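J.: Got a structure for you, written out below as structure tokens; questions coming shortly.
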Amino acid sequence: MNICIFEDFFITRLAPVNLLRHTSKIICGESTLYEKITENIPGKHKVMLHSRNYIAAYCREKFPGTAVNELYDGAFIFLNARVVFNDRKLKDIFKHFRKKNNDALVQDNTIIAFHTTEDKTKLYKEVINNTDGNLVSLADIDWLGLTRTETSSYTVINYPSDLILHHEKELKHDLEQMMGKKKLHVSSKSKVGKNVVFDTSEGRIYVGKNTVIEPFTYIKGPVYVGENCALRSGTQLYGPVRIGNKCKVSGEITSSILHWYVNKQHYGFLGHSYLCEWVNLGAGTTTSNLKNNYSMIELNIEGEKVNTDSMFLGSIIGDHTKTGICTMLNTGSLVGVSSNLYGSGYHNKQVPSFSWADSSAGESKVYDIEKALNTAKVSMKRRNVEMSEAYEAMFREAFEQKDESPKL
């Protein structure tokens with residue numbers, strides 16, 4: 001059976017976390033949504049990706065040998081890139097489609113998965129194999145003449161806040177899969193200083209290879225720390241926390257997700273937040289994650305007020321964004337990619353991509369694309385990563401898609 005992981009019509013609501021990556025590469029728990037699929041698919045299958053056109057070249061680079069926006073011949077099962085799958089759910093889906101071909105599983109007008117026989121796949125090639133970056137919608141299901149089966153049991157990431165909302169459940173599940181009955185795993189190739197406390201009373205703790213944990217660090221599970229990380233002396237991690245490979249952290253972190261290559265090397269509180277790659281937080285940067293009136297937190301998504309169903313939410317910060325010293329971020333902040341935040345006082349809850357945002361003056365101007373690219377290349381090269389042509393093209397297109405405002 002062929003598998004296609006597709007981006008649907010509603011992925012624009014997930015900005016900024018998927019602006020510079022395929023939606024399946026966002027993280028909930030320890031692993032990406034892509035890994036939750038590929039590591040749990042029952043049996044051997046060919047996997048391809050459907051993506052927005054502007055990230056397709058980078059996807060081909062990131063997933064070598066994987067077809068992108070080019071359907072194979074034969075029957076297919078299509079899986080939504082923003083659904084949190086697990087081994088049991090995937091087995092159920094395969095079982096369902098063995099009994100019912102050319103059907104779509106639909107939950108609250110979201111396509112969870114759908115099946116096409118070989119003849120339907122030939123028709124659908126006209127939609128997928130194109131250069132327009134069309135996103136999958138219910139209209140495609142109707143056009144193909146598929147039947148629908150309503151369902152209600154899947155975890156769907158509708159907004160960035162959902163990644164934090166479901167983080168603890170997913171992290172506990174992922175750590176159990178990785179560690180079995182073990183409560184603590186610290187790689188023998190990591191270095192742990194004196195007076196480090198591993199508290200597994202409320203969850204497992206996993207520490208990957210070549211990670212350095214300096215003295216007087218406190219870690220309370222559930223926590224995952226990847227490879228080649230540095231936890232500075234005095235770091236306090238209160239799970240659920242996920243820290244990706246090659247991150248450098250310090251200060252207090254609780255209920256947060258950090259992609260790879262994140263720098264938070266100084267004091268300051270980070271709570272219920274999601275940080276994409278290459279984010280750098282200046283000393284004293286602090287997130288608010290709870291409103292004084294204890295009300296549920298709302299986000300403004302595409303001009304619509306969205307109730308996050310959570311009393312706790314810090315900041316969602318896009319790739320390559322940096323904060324100056326003592327930056328203060330409001331509860332439920334959405335910060336785009338490649339922005340610079342500085343000044344005294346709280347920043348606006350929404351900071352567009354490619355912004356220079358001065359909270360002291362209450363001003364925000366556009367970051368010149370060439371300067372933004374140069375800074376991104378320098379920060380990547382410091383970690384021995386060269387920006388590829390495909391990444392640069394994607395970066396430039398993300399700039400073109402931002403709202404126009406006065407240039408810096």
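In the structure tokens, chains take letters A, B, ... by order of appearance, with residues numbered from 1 within each chain and ligands from 1 in the order shown.
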Excluding Pro222 of chain A and its own-chain neighbours fewer than 6 positions away, which residues fall within 8 Å of it when counting only C-alpha atoms? Please give them as a list of chain:residue names.
T.: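 Counting only the stated atoms, we get A:Glu168, A:Leu171, A:Lys172, A:Leu175, A:Thr200, A:Glu202, A:Gly203, A:Arg204, A:Ile205, A:Tyr238, A:Gly239, A:Pro240, A:Val241.
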J.: I need the residues from that last selection saved to file as a PDB file, in the first residue's frame (with N, CA and C atoms), if you can.
T.:
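Saved file result_19.pdb follows:
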```pdb
ATOM      1  N   GLU A 168       1.588  17.021  27.150  1.00  0.00           N
ATOM      2  CA  GLU A 168       1.888  16.113  28.265  1.00  0.00           C
ATOM      3  C   GLU A 168       1.452  14.684  27.958  1.00  0.00           C
ATOM      4  N   LEU A 171       3.843  13.286  25.297  1.00  0.00           N
ATOM      5  CA  LEU A 171       5.203  13.062  25.792  1.00  0.00           C
ATOM      6  C   LEU A 171       5.260  11.821  26.676  1.00  0.00           C
ATOM      7  N   LYS A 172       4.279  11.653  27.545  1.00  0.00           N
ATOM      8  CA  LYS A 172       4.246  10.456  28.396  1.00  0.00           C
ATOM      9  C   LYS A 172       4.140   9.186  27.547  1.00  0.00           C
ATOM     10  N   LEU A 175       7.583   8.622  25.680  1.00  0.00           N
ATOM     11  CA  LEU A 175       8.638   8.146  26.582  1.00  0.00           C
ATOM     12  C   LEU A 175       8.399   6.698  27.008  1.00  0.00           C
ATOM     13  N   THR A 200      11.755  11.632  39.071  1.00  0.00           N
ATOM     14  CA  THR A 200      10.856  10.858  38.204  1.00  0.00           C
ATOM     15  C   THR A 200       9.525  10.556  38.884  1.00  0.00           C
ATOM     16  N   GLU A 202       6.765  12.072  38.814  1.00  0.00           N
ATOM     17  CA  GLU A 202       5.573  12.320  37.998  1.00  0.00           C
ATOM     18  C   GLU A 202       5.786  12.039  36.518  1.00  0.00           C
ATOM     19  N   GLY A 203       6.922  11.437  36.181  1.00  0.00           N
ATOM     20  CA  GLY A 203       7.130  11.104  34.776  1.00  0.00           C
ATOM     21  C   GLY A 203       8.559  10.683  34.486  1.00  0.00           C
ATOM     22  N   ARG A 204       8.729   9.996  33.361  1.00  0.00           N
ATOM     23  CA  ARG A 204      10.035   9.508  32.950  1.00  0.00           C
ATOM     24  C   ARG A 204      10.953  10.642  32.483  1.00  0.00           C
ATOM     25  N   ILE A 205      12.251  10.364  32.526  1.00  0.00           N
ATOM     26  CA  ILE A 205      13.251  11.331  32.052  1.00  0.00           C
ATOM     27  C   ILE A 205      14.199  10.606  31.106  1.00  0.00           C
ATOM     28  N   TYR A 238      10.690  21.611  34.520  1.00  0.00           N
ATOM     29  CA  TYR A 238       9.485  21.050  35.115  1.00  0.00           C
ATOM     30  C   TYR A 238       8.621  20.496  33.991  1.00  0.00           C
ATOM     31  N   GLY A 239       8.559  19.150  33.899  1.00  0.00           N
ATOM     32  CA  GLY A 239       7.850  18.528  32.805  1.00  0.00           C
ATOM     33  C   GLY A 239       6.369  18.843  32.779  1.00  0.00           C
ATOM     34  N   PRO A 240       5.754  18.698  31.602  1.00  0.00           N
ATOM     35  CA  PRO A 240       6.321  18.091  30.394  1.00  0.00           C
ATOM     36  C   PRO A 240       7.203  19.070  29.612  1.00  0.00           C
ATOM     37  N   VAL A 241       8.446  18.660  29.376  1.00  0.00           N
ATOM     38  CA  VAL A 241       9.386  19.464  28.605  1.00  0.00           C
ATOM     39  C   VAL A 241      10.046  18.587  27.559  1.00  0.00           C
TER      40      VAL A 241
END
```
J.: Which polymer residues have any atom within 12 Å of an atom of Leu79 of chain A, counting only C-alpha atoms, with same-chain residues fewer than 3 positions away left out, as a compact mmCIF listing (two decimals) with C-alpha atoms, in the first residue's frame?
T.:
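Okay, this is what ended up in around_24.txt:
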```txt
# COMPACT_ATOMS: atom_id res chain seq x y z
CA ASN A 2 1.19 3.52 -0.79
CA ILE A 3 0.95 6.23 1.88
CA CYS A 4 0.64 9.98 1.27
CA ILE A 5 0.98 12.42 4.17
CA PHE A 6 -0.91 15.49 3.00
CA GLU A 7 -1.30 19.13 4.00
CA ASP A 8 -4.93 20.17 4.07
CA THR A 23 3.22 20.43 8.70
CA SER A 24 4.03 16.83 9.64
CA LEU A 33 3.84 14.11 13.70
CA TYR A 34 5.74 12.61 10.74
CA LYS A 36 4.44 9.22 14.79
CA ILE A 37 3.23 8.01 11.38
CA THR A 38 6.33 6.46 9.83
CA ILE A 41 2.72 2.21 10.16
CA VAL A 47 5.57 7.02 1.84
CA MET A 48 5.23 10.25 -0.14
CA LEU A 49 4.42 13.83 0.84
CA HIS A 50 1.94 16.41 -0.39
CA PHE A 76 -3.27 4.90 -1.61
CA ARG A 82 -1.84 17.70 11.34
CA VAL A 83 -3.40 14.67 13.03
CA VAL A 84 -1.60 13.08 15.98
CA PHE A 85 -1.53 9.40 15.04
CA LYS A 89 -5.05 4.52 15.46
CA LEU A 90 -3.03 3.59 12.37
CA ILE A 93 -7.32 3.04 9.83
CA PHE A 94 -5.71 0.23 7.81
CA ALA A 104 -12.85 9.18 3.84
CA LEU A 105 -12.71 9.37 7.63
CA VAL A 106 -14.03 12.83 8.57
CA THR A 110 -11.52 17.70 8.92
CA ILE A 111 -10.33 14.86 6.69
CA ILE A 112 -8.46 12.49 8.99
CA ALA A 113 -7.59 9.98 6.27
CA PHE A 114 -8.95 8.69 2.97
CA HIS A 115 -8.42 5.78 0.61
CA THR A 116 -8.27 5.63 -3.18
CA VAL A 136 -6.51 19.07 0.14
CA VAL A 156 -6.26 17.09 15.55
```
J.: Just list the residues in segment 18-93 of chain A DSSP gives helix (DSSP H, G or I) on the backbone, as a list of chain:residue names.
T.: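 Filtering segment 18-93 of chain A down to helix (DSSP H, G or I) leaves A:Thr23, A:Ser24, A:Lys25, A:Leu33, A:Tyr34, A:Glu35, A:Lys36, A:Ile37, A:Thr38, A:Asn53, A:Tyr54, A:Ile55, A:Ala56, A:Ala57, A:Tyr58, A:Cys59, A:Arg60, A:Glu61, A:Lys62, A:Asp87, A:Arg88, A:Lys89, A:Leu90, A:Lys91, A:Asp92, A:Ile93.
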J.: Please, could you write that set of residues out with C-alpha atoms as a PDB file, in the first residue's frame?
T.:
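Done, and the output landed in out14.pdb:
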```pdb
ATOM      1  CA  THR A  23       3.219  20.429   8.696  1.00  0.00           C
ATOM      2  CA  SER A  24       4.031  16.832   9.643  1.00  0.00           C
ATOM      3  CA  LYS A  25       7.380  18.055  11.043  1.00  0.00           C
ATOM      4  CA  LEU A  33       3.836  14.114  13.702  1.00  0.00           C
ATOM      5  CA  TYR A  34       5.736  12.612  10.740  1.00  0.00           C
ATOM      6  CA  GLU A  35       7.643  10.232  13.016  1.00  0.00           C
ATOM      7  CA  LYS A  36       4.443   9.224  14.786  1.00  0.00           C
ATOM      8  CA  ILE A  37       3.227   8.008  11.381  1.00  0.00           C
ATOM      9  CA  THR A  38       6.334   6.460   9.834  1.00  0.00           C
ATOM     10  CA  ASN A  53       4.502  24.398  -3.489  1.00  0.00           C
ATOM     11  CA  TYR A  54       6.926  26.900  -1.928  1.00  0.00           C
ATOM     12  CA  ILE A  55       8.291  24.326   0.554  1.00  0.00           C
ATOM     13  CA  ALA A  56       8.325  21.384  -1.895  1.00  0.00           C
ATOM     14  CA  ALA A  57      11.992  21.729  -2.925  1.00  0.00           C
ATOM     15  CA  TYR A  58      13.078  21.895   0.719  1.00  0.00           C
ATOM     16  CA  CYS A  59      10.900  18.847   1.493  1.00  0.00           C
ATOM     17  CA  ARG A  60      12.678  16.885  -1.244  1.00  0.00           C
ATOM     18  CA  GLU A  61      15.976  17.878   0.354  1.00  0.00           C
ATOM     19  CA  LYS A  62      14.795  17.076   3.884  1.00  0.00           C
ATOM     20  CA  ASP A  87       0.169   2.748  16.498  1.00  0.00           C
ATOM     21  CA  ARG A  88      -3.382   1.818  17.550  1.00  0.00           C
ATOM     22  CA  LYS A  89      -5.050   4.516  15.457  1.00  0.00           C
ATOM     23  CA  LEU A  90      -3.028   3.592  12.374  1.00  0.00           C
ATOM     24  CA  LYS A  91      -3.946  -0.080  12.748  1.00  0.00           C
ATOM     25  CA  ASP A  92      -7.612   0.934  12.993  1.00  0.00           C
ATOM     26  CA  ILE A  93      -7.317   3.036   9.826  1.00  0.00           C
TER      27      ILE A  93
END
```
J.: Hey, can you check how far atom CA of Lys99 of chain A sits from atom CA of Phe9 of chain A?
T.: 27.5 Å
J.: Could you pull out the strand (DSSP E or B) residues of segment 25-57 of chain A from DSSP and send them as a PDB file with C-alpha atoms, in the first residue's frame?
T.:
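Written file, result15.pdb:
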```
ATOM      1  CA  ILE A  27       6.231  18.448  17.319  1.00  0.00           C
ATOM      2  CA  THR A  32       7.229  14.990  15.139  1.00  0.00           C
ATOM      3  CA  LYS A  46       6.015   3.580   0.281  1.00  0.00           C
ATOM      4  CA  VAL A  47       5.570   7.023   1.836  1.00  0.00           C
ATOM      5  CA  MET A  48       5.234  10.251  -0.140  1.00  0.00           C
ATOM      6  CA  LEU A  49       4.421  13.835   0.839  1.00  0.00           C
TER       7      LEU A  49
END
```
J.: Please determine, counting only C-alpha atoms, which residue among A:Lys402, A:His167, A:Arg52, A:Lys209 has the shortest atom-to-atom distance to Val186 of chain A.
T.: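 The shortest atom-to-atom distance to Val186 of chain A comes from A:Lys209.
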J.: Smallest atom-to-atom distance to Leu146 of chain A: which of A:Ser339, A:Thr121, A:Thr323, A:Asn134, using only C-alpha atoms?
T.: A:Thr121
J.: Would you pick out the contacts of Ile128 of chain A at 7 Å or less, using only C-alpha atoms, so that residues sharing its chain but fewer than 2 positions from it are not included, and give the list as a PDB file with C-alpha atoms, in the first residue's frame?
T.:
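Writing done, so here's selection04.pdb:
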```
ATOM      1  CA  ASN A  69       3.643  16.163  -4.900  1.00  0.00           C
ATOM      2  CA  GLU A  70       4.069  13.195  -7.266  1.00  0.00           C
ATOM      3  CA  LEU A  71       1.676  10.315  -6.711  1.00  0.00           C
ATOM      4  CA  TYR A 124      -6.315  12.469  -8.233  1.00  0.00           C
ATOM      5  CA  LYS A 125      -2.913  12.818  -9.893  1.00  0.00           C
ATOM      6  CA  GLU A 126      -4.412  15.761 -11.766  1.00  0.00           C
ATOM      7  CA  ASN A 130       0.874  20.108 -10.119  1.00  0.00           C
TER       8      ASN A 130
END
```
J.: In Å to one decimal, how far is atom CA of Val385 of chain A from atom CA of Ser255 of chain A?
T.: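 Interatomic distance here is 28.5 Å.
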